[in-house]
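Shown below: data-v3.pdb, with PDB, C-alpha atoms.
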```
ATOM      1  CA  MET A1346       0.000   0.000   0.000
ATOM      2  CA  ASP A1347       1.516   3.359  -1.022
ATOM      3  CA  MET A1348       1.375   6.610   0.941
ATOM      4  CA  LYS A1349      -1.582   7.996  -0.993
ATOM      5  CA  GLU A1350      -3.644   4.888  -0.227
ATOM      6  CA  ILE A1351      -2.709   4.972   3.473
ATOM      7  CA  ILE A1352      -3.732   8.627   3.733
ATOM      8  CA  GLY A1353      -6.978   7.896   1.907
ATOM      9  CA  PHE A1354      -7.818   5.062   4.288
ATOM     10  CA  GLN A1355      -6.987   7.223   7.309
ATOM     11  CA  LYS A1356      -9.205  10.064   6.052
ATOM     12  CA  LYS A1357     -12.132   7.676   5.593
ATOM     13  CA  ALA A1358     -11.506   6.160   9.017
ATOM     14  CA  GLY A1359     -11.379   9.635  10.568
ATOM     15  CA  LYS A1360     -14.761  10.559   9.104
ATOM     16  CA  SER A1361     -16.240   7.262  10.317
ATOM     17  CA  LEU A1362     -14.791   7.866  13.775
ATOM     18  CA  LEU A1363     -16.318  11.343  14.012
ATOM     19  CA  LYS A1364     -19.721  10.200  12.814
ATOM     20  CA  SER A1365     -19.768   7.214  15.138
ATOM     21  CA  LEU A1366     -18.476   9.002  18.233
ATOM     22  CA  SER A1367     -20.736  12.055  17.718
ATOM     23  CA  SER A1368     -23.728   9.725  17.558
ATOM     24  CA  LEU A1369     -22.513   7.703  20.548
ATOM     25  CA  LEU A1370     -21.890  10.690  22.826
ATOM     26  CA  LYS A1371     -24.681  12.845  21.354
ATOM     27  CA  THR A1372     -22.499  15.931  21.029
ATOM     28  CA  ASP A1373     -19.967  17.547  18.693
ATOM     29  CA  VAL A1374     -16.678  15.664  18.520
ATOM     30  CA  TYR A1375     -13.528  17.218  17.076
ATOM     31  CA  LEU A1376     -10.620  15.455  15.390
ATOM     32  CA  ALA A1377      -7.604  17.722  15.790
ATOM     33  CA  GLY A1378      -3.852  18.079  15.664
ATOM     34  CA  GLY A1379      -1.206  15.786  14.245
ATOM     35  CA  MET A1380      -3.281  13.542  11.976
ATOM     36  CA  LEU A1381      -4.742  16.507  10.079
ATOM     37  CA  ARG A1382      -1.367  18.250   9.986
ATOM     38  CA  ASP A1383       0.364  15.199   8.537
ATOM     39  CA  HIS A1384      -2.339  14.711   5.905
ATOM     40  CA  TYR A1385      -1.905  18.363   4.868
ATOM     41  CA  PHE A1386       1.752  17.601   4.164
ATOM     42  CA  GLN A1387       0.823  14.355   2.356
ATOM     43  CA  ARG A1388       2.133  12.144   5.155
ATOM     44  CA  SER A1389       0.419   9.339   7.008
ATOM     45  CA  GLY A1390      -0.601  10.144  10.583
ATOM     46  CA  ASN A1391       0.188   8.150  13.708
ATOM     47  CA  ASP A1392      -3.012   8.413  15.738
ATOM     48  CA  PHE A1393      -6.385  10.072  16.116
ATOM     49  CA  ASP A1394      -6.804  12.699  18.843
ATOM     50  CA  VAL A1395     -10.478  13.518  19.332
ATOM     51  CA  TYR A1396     -11.883  16.101  21.744
ATOM     52  CA  VAL A1397     -15.284  16.350  23.376
ATOM     53  CA  LYS A1398     -16.708  18.634  26.061
ATOM     54  CA  ARG A1399     -17.673  16.940  29.318
ATOM     55  CA  ASN A1400     -21.362  16.281  29.898
ATOM     56  CA  PRO A1401     -21.914  16.773  33.674
ATOM     57  CA  SER A1402     -24.868  14.390  33.667
ATOM     58  CA  PHE A1403     -22.839  11.477  32.255
ATOM     59  CA  GLU A1404     -20.883   9.219  34.634
ATOM     60  CA  TYR A1405     -17.644   8.771  32.689
ATOM     61  CA  GLU A1406     -15.933   6.684  35.375
ATOM     62  CA  THR A1407     -18.761   4.162  35.316
ATOM     63  CA  TRP A1408     -19.762   3.997  31.661
ATOM     64  CA  MET A1409     -17.234   5.488  29.241
ATOM     65  CA  THR A1410     -14.848   2.542  28.859
ATOM     66  CA  SER A1411     -17.612  -0.026  28.459
ATOM     67  CA  LEU A1412     -19.490   2.299  26.090
ATOM     68  CA  LEU A1413     -16.485   2.624  23.786
ATOM     69  CA  ASN A1414     -15.414  -1.017  23.902
ATOM     70  CA  GLY A1415     -18.998  -2.144  23.330
ATOM     71  CA  THR A1416     -19.269  -0.204  20.073
ATOM     72  CA  HIS A1417     -18.334  -1.693  16.706
ATOM     73  CA  GLY A1418     -14.889  -0.535  15.580
ATOM     74  CA  TYR A1419     -13.660   0.416  19.048
ATOM     75  CA  SER A1420     -11.317  -1.810  21.051
ATOM     76  CA  ASP A1421      -8.933  -1.919  24.017
ATOM     77  CA  PHE A1422     -10.020   1.451  25.406
ATOM     78  CA  LYS A1423      -8.963   2.280  28.941
ATOM     79  CA  LEU A1424      -8.773   5.362  31.108
ATOM     80  CA  MET A1425      -5.273   6.817  30.958
ATOM     81  CA  GLU A1426      -3.684   6.824  34.403
ATOM     82  CA  GLY A1427      -2.286   9.986  35.947
ATOM     83  CA  SER A1428       1.449   9.369  35.460
ATOM     84  CA  GLU A1429       1.007   8.181  31.883
ATOM     85  CA  ARG A1430      -1.262  11.092  31.090
ATOM     86  CA  TYR A1431       1.080  13.653  32.630
ATOM     87  CA  ALA A1432       4.038  12.287  30.668
ATOM     88  CA  LYS A1433       2.148  12.741  27.408
ATOM     89  CA  TYR A1434       0.015  15.833  27.984
ATOM     90  CA  GLY A1435       1.728  17.665  30.840
ATOM     91  CA  LYS A1436       0.719  18.259  34.446
ATOM     92  CA  ALA A1437      -0.321  21.837  33.859
ATOM     93  CA  ASP A1438      -3.245  21.186  31.547
ATOM     94  CA  THR A1439      -6.128  21.285  34.006
ATOM     95  CA  SER A1440      -8.617  21.838  31.155
ATOM     96  CA  ILE A1441      -8.571  18.093  30.470
ATOM     97  CA  TYR A1442     -11.006  16.039  32.552
ATOM     98  CA  GLN A1443     -10.133  12.520  31.357
ATOM     99  CA  ILE A1444      -8.364  10.727  28.502
ATOM    100  CA  TYR A1445      -9.317   7.326  27.108
ATOM    101  CA  GLU A1446      -6.835   5.507  24.907
ATOM    102  CA  GLY A1447      -7.495   2.568  22.606
ATOM    103  CA  TYR A1448      -8.021   1.710  18.933
ATOM    104  CA  PHE A1449     -10.543   2.544  16.251
ATOM    105  CA  SER A1450     -10.904   0.298  13.191
ATOM    106  CA  ALA A1451     -12.591   1.290   9.933
ATOM    107  CA  HIS A1452     -11.976   0.711   6.217
ATOM    108  CA  HIS A1453      -9.283  -1.894   6.983
ATOM    109  CA  VAL A1454      -7.383   0.599   9.142
ATOM    110  CA  LYS A1455      -6.714   0.104  12.866
ATOM    111  CA  THR A1456      -5.439   3.313  14.405
ATOM    112  CA  GLN A1457      -4.508   4.248  17.944
ATOM    113  CA  THR A1458      -7.062   6.733  19.243
ATOM    114  CA  GLN A1459      -7.263   9.117  22.185
ATOM    115  CA  VAL A1460     -10.648  10.414  23.312
ATOM    116  CA  ILE A1461      -9.938  13.559  25.329
ATOM    117  CA  VAL A1462     -12.790  14.795  27.523
ATOM    118  CA  LEU A1463     -12.475  18.512  28.281
ATOM    119  CA  GLU A1464     -13.549  19.880  31.648
ATOM    120  CA  SER A1465     -15.573  22.855  30.430
ATOM    121  CA  LEU A1466     -14.105  24.362  27.264
ATOM    122  CA  ASN A1467     -15.647  23.903  23.851
ATOM    123  CA  PRO A1468     -13.164  21.775  21.854
ATOM    124  CA  ARG A1469     -12.675  24.453  19.218
ATOM    125  CA  LYS A1470     -11.743  27.016  21.886
ATOM    126  CA  TYR A1471      -9.393  24.510  23.463
ATOM    127  CA  ILE A1472      -7.647  23.855  20.129
ATOM    128  CA  GLU A1473      -7.279  27.580  19.458
ATOM    129  CA  ASN A1474      -5.999  28.483  22.927
ATOM    130  CA  TYR A1475      -4.211  25.415  24.337
ATOM    131  CA  PHE A1476      -2.562  23.747  21.348
ATOM    132  CA  CYS A1477       0.992  24.980  21.804
ATOM    133  CA  CYS A1478       2.301  24.408  18.239
ATOM    134  CA  SER A1479       1.062  26.465  15.299
ATOM    135  CA  LEU A1480       1.168  23.410  13.023
ATOM    136  CA  SER A1481      -1.229  21.559  15.312
ATOM    137  CA  LYS A1482      -4.029  24.133  15.160
ATOM    138  CA  ALA A1483      -6.301  22.231  12.800
ATOM    139  CA  TRP A1484      -9.666  20.569  13.396
ATOM    140  CA  GLN A1485     -12.454  18.631  11.759
ATOM    141  CA  THR A1486     -15.982  17.542  12.752
ATOM    142  CA  GLN A1487     -18.496  15.256  11.095
ATOM    143  CA  ASP A1488     -20.070  18.352   9.517
ATOM    144  CA  PHE A1489     -16.880  20.159   8.477
ATOM    145  CA  ASP A1490     -13.895  19.145   6.381
ATOM    146  CA  PRO A1491     -10.485  19.926   7.952
ATOM    147  CA  VAL A1492     -10.121  23.561   8.976
ATOM    148  CA  PHE A1493      -6.586  24.968   9.193
ATOM    149  CA  SER A1494      -6.182  28.005  11.431
ATOM    150  CA  THR A1495      -4.568  31.309  10.538
ATOM    151  CA  ALA A1496      -1.589  30.346  12.715
ATOM    152  CA  PHE A1497      -1.233  27.055  10.815
ATOM    153  CA  MET A1498      -1.303  28.725   7.407
ATOM    154  CA  GLU A1499       1.117  31.437   8.547
ATOM    155  CA  SER A1500       3.571  28.703   9.585
ATOM    156  CA  VAL A1501       3.251  27.087   6.169
ATOM    157  CA  LYS A1502       3.702  30.425   4.407
ATOM    158  CA  THR A1503       6.797  31.458   6.386
ATOM    159  CA  ASN A1504       8.271  27.993   7.055
ATOM    160  CA  THR A1505       8.291  28.857  10.745
ATOM    161  CA  LEU A1506       7.269  26.776  13.740
ATOM    162  CA  ALA A1507       5.672  28.850  16.504
ATOM    163  CA  PHE A1508       5.240  27.504  20.039
ATOM    164  CA  ASP A1509       3.293  29.081  22.891
ATOM    165  CA  PHE A1510       3.152  27.429  26.321
ATOM    166  CA  SER A1511       1.713  30.404  28.195
ATOM    167  CA  LYS A1512      -1.651  28.678  28.803
ATOM    168  CA  LEU A1513       0.011  25.501  30.051
ATOM    169  CA  GLY A1514       2.502  27.110  32.383
ATOM    170  CA  GLU A1515       5.345  24.718  31.535
ATOM    171  CA  ILE A1516       7.501  24.287  28.441
ATOM    172  CA  ASN A1517       7.661  20.819  26.905
ATOM    173  CA  PHE A1518      11.086  20.758  25.243
ATOM    174  CA  GLY A1519      10.667  17.106  24.284
ATOM    175  CA  TYR A1520       7.590  18.006  22.258
ATOM    176  CA  ILE A1521       9.368  20.926  20.577
ATOM    177  CA  ASP A1522      12.299  18.678  19.667
ATOM    178  CA  LYS A1523       9.920  16.065  18.217
ATOM    179  CA  ILE A1524       8.170  18.610  15.969
ATOM    180  CA  MET A1525      11.471  20.170  14.895
ATOM    181  CA  GLU A1526      12.791  16.734  13.968
ATOM    182  CA  ARG A1527       9.642  16.042  11.948
ATOM    183  CA  PHE A1528       9.947  19.377  10.103
ATOM    184  CA  PRO A1529      13.699  19.953   9.683
ATOM    185  CA  ASP A1530      13.182  22.526   6.916
ATOM    186  CA  PHE A1531      11.242  24.837   9.253
ATOM    187  CA  GLU A1532      12.788  27.515  11.457
ATOM    188  CA  VAL A1533      11.506  28.176  14.979
ATOM    189  CA  ASP A1534      10.066  31.530  16.000
ATOM    190  CA  GLU A1535      11.784  34.025  18.297
ATOM    191  CA  THR A1536       9.727  32.988  21.324
ATOM    192  CA  THR A1537      10.911  29.403  20.999
ATOM    193  CA  LYS A1538      14.503  30.517  20.595
ATOM    194  CA  ARG A1539      14.169  32.397  23.894
ATOM    195  CA  TYR A1540      12.834  29.244  25.545
ATOM    196  CA  TYR A1541      16.080  27.471  24.649
ATOM    197  CA  ILE A1542      18.304  30.422  25.572
ATOM    198  CA  ASP A1543      16.698  30.541  29.026
ATOM    199  CA  LYS A1544      17.019  26.762  29.371
ATOM    200  CA  PHE A1545      20.710  26.728  28.433
ATOM    201  CA  THR A1546      21.392  29.724  30.704
ATOM    202  CA  ARG A1547      19.793  27.959  33.679
ATOM    203  CA  GLU A1548      21.701  24.749  32.961
ATOM    204  CA  ALA A1549      24.996  26.601  32.674
ATOM    205  CA  TYR A1550      24.277  28.428  35.958
ATOM    206  CA  TRP A1551      23.642  25.194  37.842
ATOM    207  CA  LYS A1552      26.729  23.518  36.384
ATOM    208  CA  ASN A1553      28.953  26.408  37.388
ATOM    209  CA  ASP A1554      27.375  27.028  40.783
TER     210      ASP A1554
END
```

Encoded form (structure tokens):
Amino acid sequence: MDMKEIIGFQKKAGKSLLKSLSSLLKTDVYLAGGMLRDHYFQRSGNDFDVYVKRNPSFEYETWMTSLLNGTHGYSDFKLMEGSERYAKYGKADTSIYQIYEGYFSAHHVKTQTQVIVLESLNPRKYIENYFCCSLSKAWQTQDFDPVFSTAFMESVKTNTLAFDFSKLGEINFGYIDKIMERFPDFEVDETTKRYYIDKFTREAYWKND
């Protein structure tokens, strides 16, 4: 299977996922981030990250895992534990209520999937305000084809990666390094350069203290 076929299968699976999960949870569900970004650059994606606003009347701890695993196409879903979640998403992101991780299968594609339940924010607001990389600010719903933000398109136009961790309160250098490695032809913005200057200055201070 060539890259074009893989991307085509993933796009179909993504649409099926959104339709199925929106119907299951009876609310708008957003596919966002890396999968859409990679498809824009004609690359296959690694996983689906879908976002949904918490419904206060639904008992997630009691029903969510069994609801997902009992639905055709969904398998091996479990609630992500605190330490695992913090390692992947950061301790500072208090906007996230819970994360369920498993697999979604459709159109002969089995793809790792995260269902991220947001505490109170609408998913679109969360994507706009809390996604720290400009090239991750993209979203799709069952009613809308992929939407790429102004920040995303500005990055493409200028070949510049912009990072903003002000909402999260902590800088994830591992994440920055991963994105820079994936896009070696892109420069980083001045804010990100300052992140590294401050980091190296602190490290040099402690070594020489």

Report as CSV: every residue of region 1400-1501 of chain A with an atom at most 12 Å from region 1352-1355 of chain A, its closest pair of atoms, and their distance in Å to one decimal, counting all atoms listed in the file, with rows sorted by chain and ascending residue number.
```
residue,atom,partner,partner_atom,distance
A:Phe1449,CA,A:Gln1355,CA,10.7
A:Ser1450,CA,A:Gln1355,CA,9.9
A:Ala1451,CA,A:Phe1354,CA,8.3
A:His1452,CA,A:Phe1354,CA,6.3
A:His1453,CA,A:Phe1354,CA,7.6
A:Val1454,CA,A:Phe1354,CA,6.6
A:Lys1455,CA,A:Gln1355,CA,9.0
A:Thr1456,CA,A:Gln1355,CA,8.2
A:Gln1457,CA,A:Gln1355,CA,11.3
A:Thr1458,CA,A:Gln1355,CA,11.9
```

* Structure fact -> Separating CA of Phe1476 (chain A) from CA of Asp1509 (chain A), to the nearest tenth of an Å, is a gap of 8.1 Å

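The interatomic distance for the pair CA of Lys1470 (chain A) and CA of Tyr1445 (chain A) works out to 20.5 Å.
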
* **Exercise: region 1518-1527 of chain A partners within 10 Å, only C-alpha atoms, chain neighbours under 6 positions left out, as a ChimeraX atom specification** => /A:1379,1383,1433-1434,1477-1478,1480-1481,1506-1508,1533,1537,1540-1541,1544

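Minimum atom-to-atom distances from A:Val1462, A:Ser1511, A:Lys1349, A:Asp1530 to Phe1403 (chain A) were compared using only C-alpha atoms, and the lowest value belongs to A:Val1462.
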
* Go through the shown structure with the PyMOL selection byres ((chain A and resi 1490) around 12) and write out the matching residues as an NGL selection string. => :A and (1356-1357 or 1359-1360 or 1363 or 1375-1377 or 1381 or 1483-1489 or 1491-1493)

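Note that the spacing between CA of Arg1382 (chain A) and CA of Tyr1448 (chain A) amounts to 19.9 Å.
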
* To do: Enumerate, as a PyMOL selection string, the residues matched when the PyMOL selection byres ((chain A and resi 1418-1429) around 6) is run on the file above.
  => chain A and resi 1410+1413-1414+1416-1417+1430-1432+1444-1450

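Compared by their closest atoms to Ile1472 (chain A), and using only C-alpha atoms, the residues A:Asp1543, A:Glu1548, A:Glu1404, A:Asp1394 rank with A:Asp1394 nearest.
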
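Of the listed residues (A:Ile1461, A:Gln1387, A:Thr1505, A:Glu1515), A:Thr1505 comes nearest to Lys1538 (chain A); the distances count all atoms listed in the file.
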
* **Which of A:Val1501, A:Val1397, A:Met1409, A:Ile1516 sits closest to Ser1465 (chain A) [using all atoms listed in the file]** => A:Val1397

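Running the PyMOL selection byres ((chain A and resi 1399) around 9) on this file leaves Val1397, Lys1398, Asn1400, Pro1401, Ser1402, Phe1403, Tyr1405, Tyr1442, Gln1443, Val1462, Leu1463, Glu1464, Ser1465 and Leu1466 of chain A selected.
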
* Structure fact -> Counting all atoms listed in the file, closest pick from A:Met1348, A:Val1460, A:Leu1362, A:Ile1441 relative to Ser1389 (chain A) is A:Met1348

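Distances here use all atoms listed in the file; by that measure, the residue among A:Asn1517, A:Ser1367, A:Ser1500, A:Ser1411 closest to Val1395 (chain A) is A:Ser1367.
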
Start from the incomplete input, build all heavy atoms for region 1383-1394 of chain A, and deliver everything as a PDB file, keeping the file's coordinate frame.
```
ATOM      1  N   ASP A1383      -0.426  16.095   9.377  1.00  0.00           N
ATOM      2  CA  ASP A1383       0.364  15.199   8.537  1.00  0.00           C
ATOM      3  C   ASP A1383      -0.313  14.963   7.190  1.00  0.00           C
ATOM      4  O   ASP A1383       0.357  14.894   6.156  1.00  0.00           O
ATOM      5  CB  ASP A1383       0.597  13.875   9.263  1.00  0.00           C
ATOM      6  CG  ASP A1383       1.549  14.030  10.441  1.00  0.00           C
ATOM      7  OD1 ASP A1383       2.310  15.008  10.465  1.00  0.00           O
ATOM      8  OD2 ASP A1383       1.519  13.180  11.347  1.00  0.00           O
ATOM      9  N   HIS A1384      -1.631  14.863   7.179  1.00  0.00           N
ATOM     10  CA  HIS A1384      -2.339  14.711   5.905  1.00  0.00           C
ATOM     11  C   HIS A1384      -2.162  15.944   5.021  1.00  0.00           C
ATOM     12  O   HIS A1384      -2.054  15.825   3.803  1.00  0.00           O
ATOM     13  CB  HIS A1384      -3.824  14.464   6.154  1.00  0.00           C
ATOM     14  CG  HIS A1384      -4.103  13.101   6.698  1.00  0.00           C
ATOM     15  ND1 HIS A1384      -5.348  12.727   7.160  1.00  0.00           N
ATOM     16  CD2 HIS A1384      -3.302  12.009   6.860  1.00  0.00           C
ATOM     17  CE1 HIS A1384      -5.301  11.472   7.569  1.00  0.00           C
ATOM     18  NE2 HIS A1384      -4.069  11.016   7.409  1.00  0.00           N
ATOM     19  N   TYR A1385      -2.123  17.133   5.635  1.00  0.00           N
ATOM     20  CA  TYR A1385      -1.905  18.363   4.868  1.00  0.00           C
ATOM     21  C   TYR A1385      -0.576  18.301   4.118  1.00  0.00           C
ATOM     22  O   TYR A1385      -0.475  18.745   2.973  1.00  0.00           O
ATOM     23  CB  TYR A1385      -1.915  19.573   5.812  1.00  0.00           C
ATOM     24  CG  TYR A1385      -1.718  20.903   5.106  1.00  0.00           C
ATOM     25  CD1 TYR A1385      -2.807  21.629   4.654  1.00  0.00           C
ATOM     26  CD2 TYR A1385      -0.441  21.418   4.890  1.00  0.00           C
ATOM     27  CE1 TYR A1385      -2.636  22.841   3.994  1.00  0.00           C
ATOM     28  CE2 TYR A1385      -0.248  22.627   4.234  1.00  0.00           C
ATOM     29  CZ  TYR A1385      -1.350  23.329   3.792  1.00  0.00           C
ATOM     30  OH  TYR A1385      -1.166  24.522   3.132  1.00  0.00           O
ATOM     31  N   PHE A1386       0.425  17.713   4.777  1.00  0.00           N
ATOM     32  CA  PHE A1386       1.752  17.601   4.164  1.00  0.00           C
ATOM     33  C   PHE A1386       1.938  16.279   3.422  1.00  0.00           C
ATOM     34  O   PHE A1386       3.065  15.882   3.120  1.00  0.00           O
ATOM     35  CB  PHE A1386       2.838  17.757   5.230  1.00  0.00           C
ATOM     36  CG  PHE A1386       2.975  19.163   5.746  1.00  0.00           C
ATOM     37  CD1 PHE A1386       2.395  19.533   6.956  1.00  0.00           C
ATOM     38  CD2 PHE A1386       3.670  20.110   5.025  1.00  0.00           C
ATOM     39  CE1 PHE A1386       2.502  20.828   7.427  1.00  0.00           C
ATOM     40  CE2 PHE A1386       3.799  21.410   5.488  1.00  0.00           C
ATOM     41  CZ  PHE A1386       3.203  21.779   6.688  1.00  0.00           C
ATOM     42  N   GLN A1387       0.821  15.609   3.114  1.00  0.00           N
ATOM     43  CA  GLN A1387       0.823  14.355   2.356  1.00  0.00           C
ATOM     44  C   GLN A1387       1.656  13.265   3.030  1.00  0.00           C
ATOM     45  O   GLN A1387       2.398  12.526   2.401  1.00  0.00           O
ATOM     46  CB  GLN A1387       1.327  14.606   0.921  1.00  0.00           C
ATOM     47  CG  GLN A1387       0.464  15.561   0.119  1.00  0.00           C
ATOM     48  CD  GLN A1387      -0.977  15.064   0.001  1.00  0.00           C
ATOM     49  OE1 GLN A1387      -1.213  13.935  -0.423  1.00  0.00           O
ATOM     50  NE2 GLN A1387      -1.931  15.892   0.398  1.00  0.00           N
ATOM     51  N   ARG A1388       1.500  13.185   4.359  1.00  0.00           N
ATOM     52  CA  ARG A1388       2.133  12.144   5.155  1.00  0.00           C
ATOM     53  C   ARG A1388       1.052  11.341   5.874  1.00  0.00           C
ATOM     54  O   ARG A1388      -0.029  11.867   6.153  1.00  0.00           O
ATOM     55  CB  ARG A1388       3.075  12.751   6.200  1.00  0.00           C
ATOM     56  CG  ARG A1388       4.163  13.660   5.662  1.00  0.00           C
ATOM     57  CD  ARG A1388       4.900  14.297   6.827  1.00  0.00           C
ATOM     58  NE  ARG A1388       5.965  15.187   6.393  1.00  0.00           N
ATOM     59  CZ  ARG A1388       6.751  15.877   7.214  1.00  0.00           C
ATOM     60  NH1 ARG A1388       6.566  15.770   8.527  1.00  0.00           N
ATOM     61  NH2 ARG A1388       7.700  16.660   6.750  1.00  0.00           N
ATOM     62  N   SER A1389       1.358  10.110   6.196  1.00  0.00           N
ATOM     63  CA  SER A1389       0.419   9.339   7.008  1.00  0.00           C
ATOM     64  C   SER A1389       0.528   9.787   8.458  1.00  0.00           C
ATOM     65  O   SER A1389       1.596  10.176   8.926  1.00  0.00           O
ATOM     66  CB  SER A1389       0.721   7.841   6.905  1.00  0.00           C
ATOM     67  OG  SER A1389       2.012   7.561   7.404  1.00  0.00           O
ATOM     68  N   GLY A1390      -0.592   9.760   9.175  1.00  0.00           N
ATOM     69  CA  GLY A1390      -0.601  10.144  10.583  1.00  0.00           C
ATOM     70  C   GLY A1390      -0.379   8.955  11.489  1.00  0.00           C
ATOM     71  O   GLY A1390      -0.499   7.794  11.068  1.00  0.00           O
ATOM     72  N   ASN A1391      -0.079   9.223  12.748  1.00  0.00           N
ATOM     73  CA  ASN A1391       0.188   8.150  13.708  1.00  0.00           C
ATOM     74  C   ASN A1391      -1.045   7.748  14.506  1.00  0.00           C
ATOM     75  O   ASN A1391      -1.243   6.561  14.790  1.00  0.00           O
ATOM     76  CB  ASN A1391       1.293   8.582  14.681  1.00  0.00           C
ATOM     77  CG  ASN A1391       2.623   8.753  14.003  1.00  0.00           C
ATOM     78  OD1 ASN A1391       2.980   7.976  13.122  1.00  0.00           O
ATOM     79  ND2 ASN A1391       3.378   9.770  14.403  1.00  0.00           N
ATOM     80  N   ASP A1392      -1.858   8.728  14.899  1.00  0.00           N
ATOM     81  CA  ASP A1392      -3.012   8.413  15.738  1.00  0.00           C
ATOM     82  C   ASP A1392      -4.085   9.484  15.602  1.00  0.00           C
ATOM     83  O   ASP A1392      -3.855  10.571  15.084  1.00  0.00           O
ATOM     84  CB  ASP A1392      -2.603   8.250  17.205  1.00  0.00           C
ATOM     85  CG  ASP A1392      -1.863   9.464  17.752  1.00  0.00           C
ATOM     86  OD1 ASP A1392      -1.840  10.516  17.071  1.00  0.00           O
ATOM     87  OD2 ASP A1392      -1.321   9.378  18.864  1.00  0.00           O
ATOM     88  N   PHE A1393      -5.278   9.131  16.074  1.00  0.00           N
ATOM     89  CA  PHE A1393      -6.385  10.072  16.116  1.00  0.00           C
ATOM     90  C   PHE A1393      -6.477  10.677  17.515  1.00  0.00           C
ATOM     91  O   PHE A1393      -6.507   9.950  18.507  1.00  0.00           O
ATOM     92  CB  PHE A1393      -7.716   9.374  15.816  1.00  0.00           C
ATOM     93  CG  PHE A1393      -7.881   8.879  14.408  1.00  0.00           C
ATOM     94  CD1 PHE A1393      -8.171   7.550  14.164  1.00  0.00           C
ATOM     95  CD2 PHE A1393      -7.773   9.738  13.326  1.00  0.00           C
ATOM     96  CE1 PHE A1393      -8.351   7.075  12.877  1.00  0.00           C
ATOM     97  CE2 PHE A1393      -7.942   9.284  12.025  1.00  0.00           C
ATOM     98  CZ  PHE A1393      -8.230   7.950  11.799  1.00  0.00           C
ATOM     99  N   ASP A1394      -6.526  12.004  17.591  1.00  0.00           N
ATOM    100  CA  ASP A1394      -6.804  12.699  18.843  1.00  0.00           C
ATOM    101  C   ASP A1394      -8.148  13.386  18.684  1.00  0.00           C
ATOM    102  O   ASP A1394      -8.289  14.304  17.868  1.00  0.00           O
ATOM    103  CB  ASP A1394      -5.727  13.743  19.156  1.00  0.00           C
ATOM    104  CG  ASP A1394      -4.431  13.104  19.612  1.00  0.00           C
ATOM    105  OD1 ASP A1394      -4.480  12.065  20.297  1.00  0.00           O
ATOM    106  OD2 ASP A1394      -3.355  13.642  19.280  1.00  0.00           O
TER     107      ASP A1394
END
```
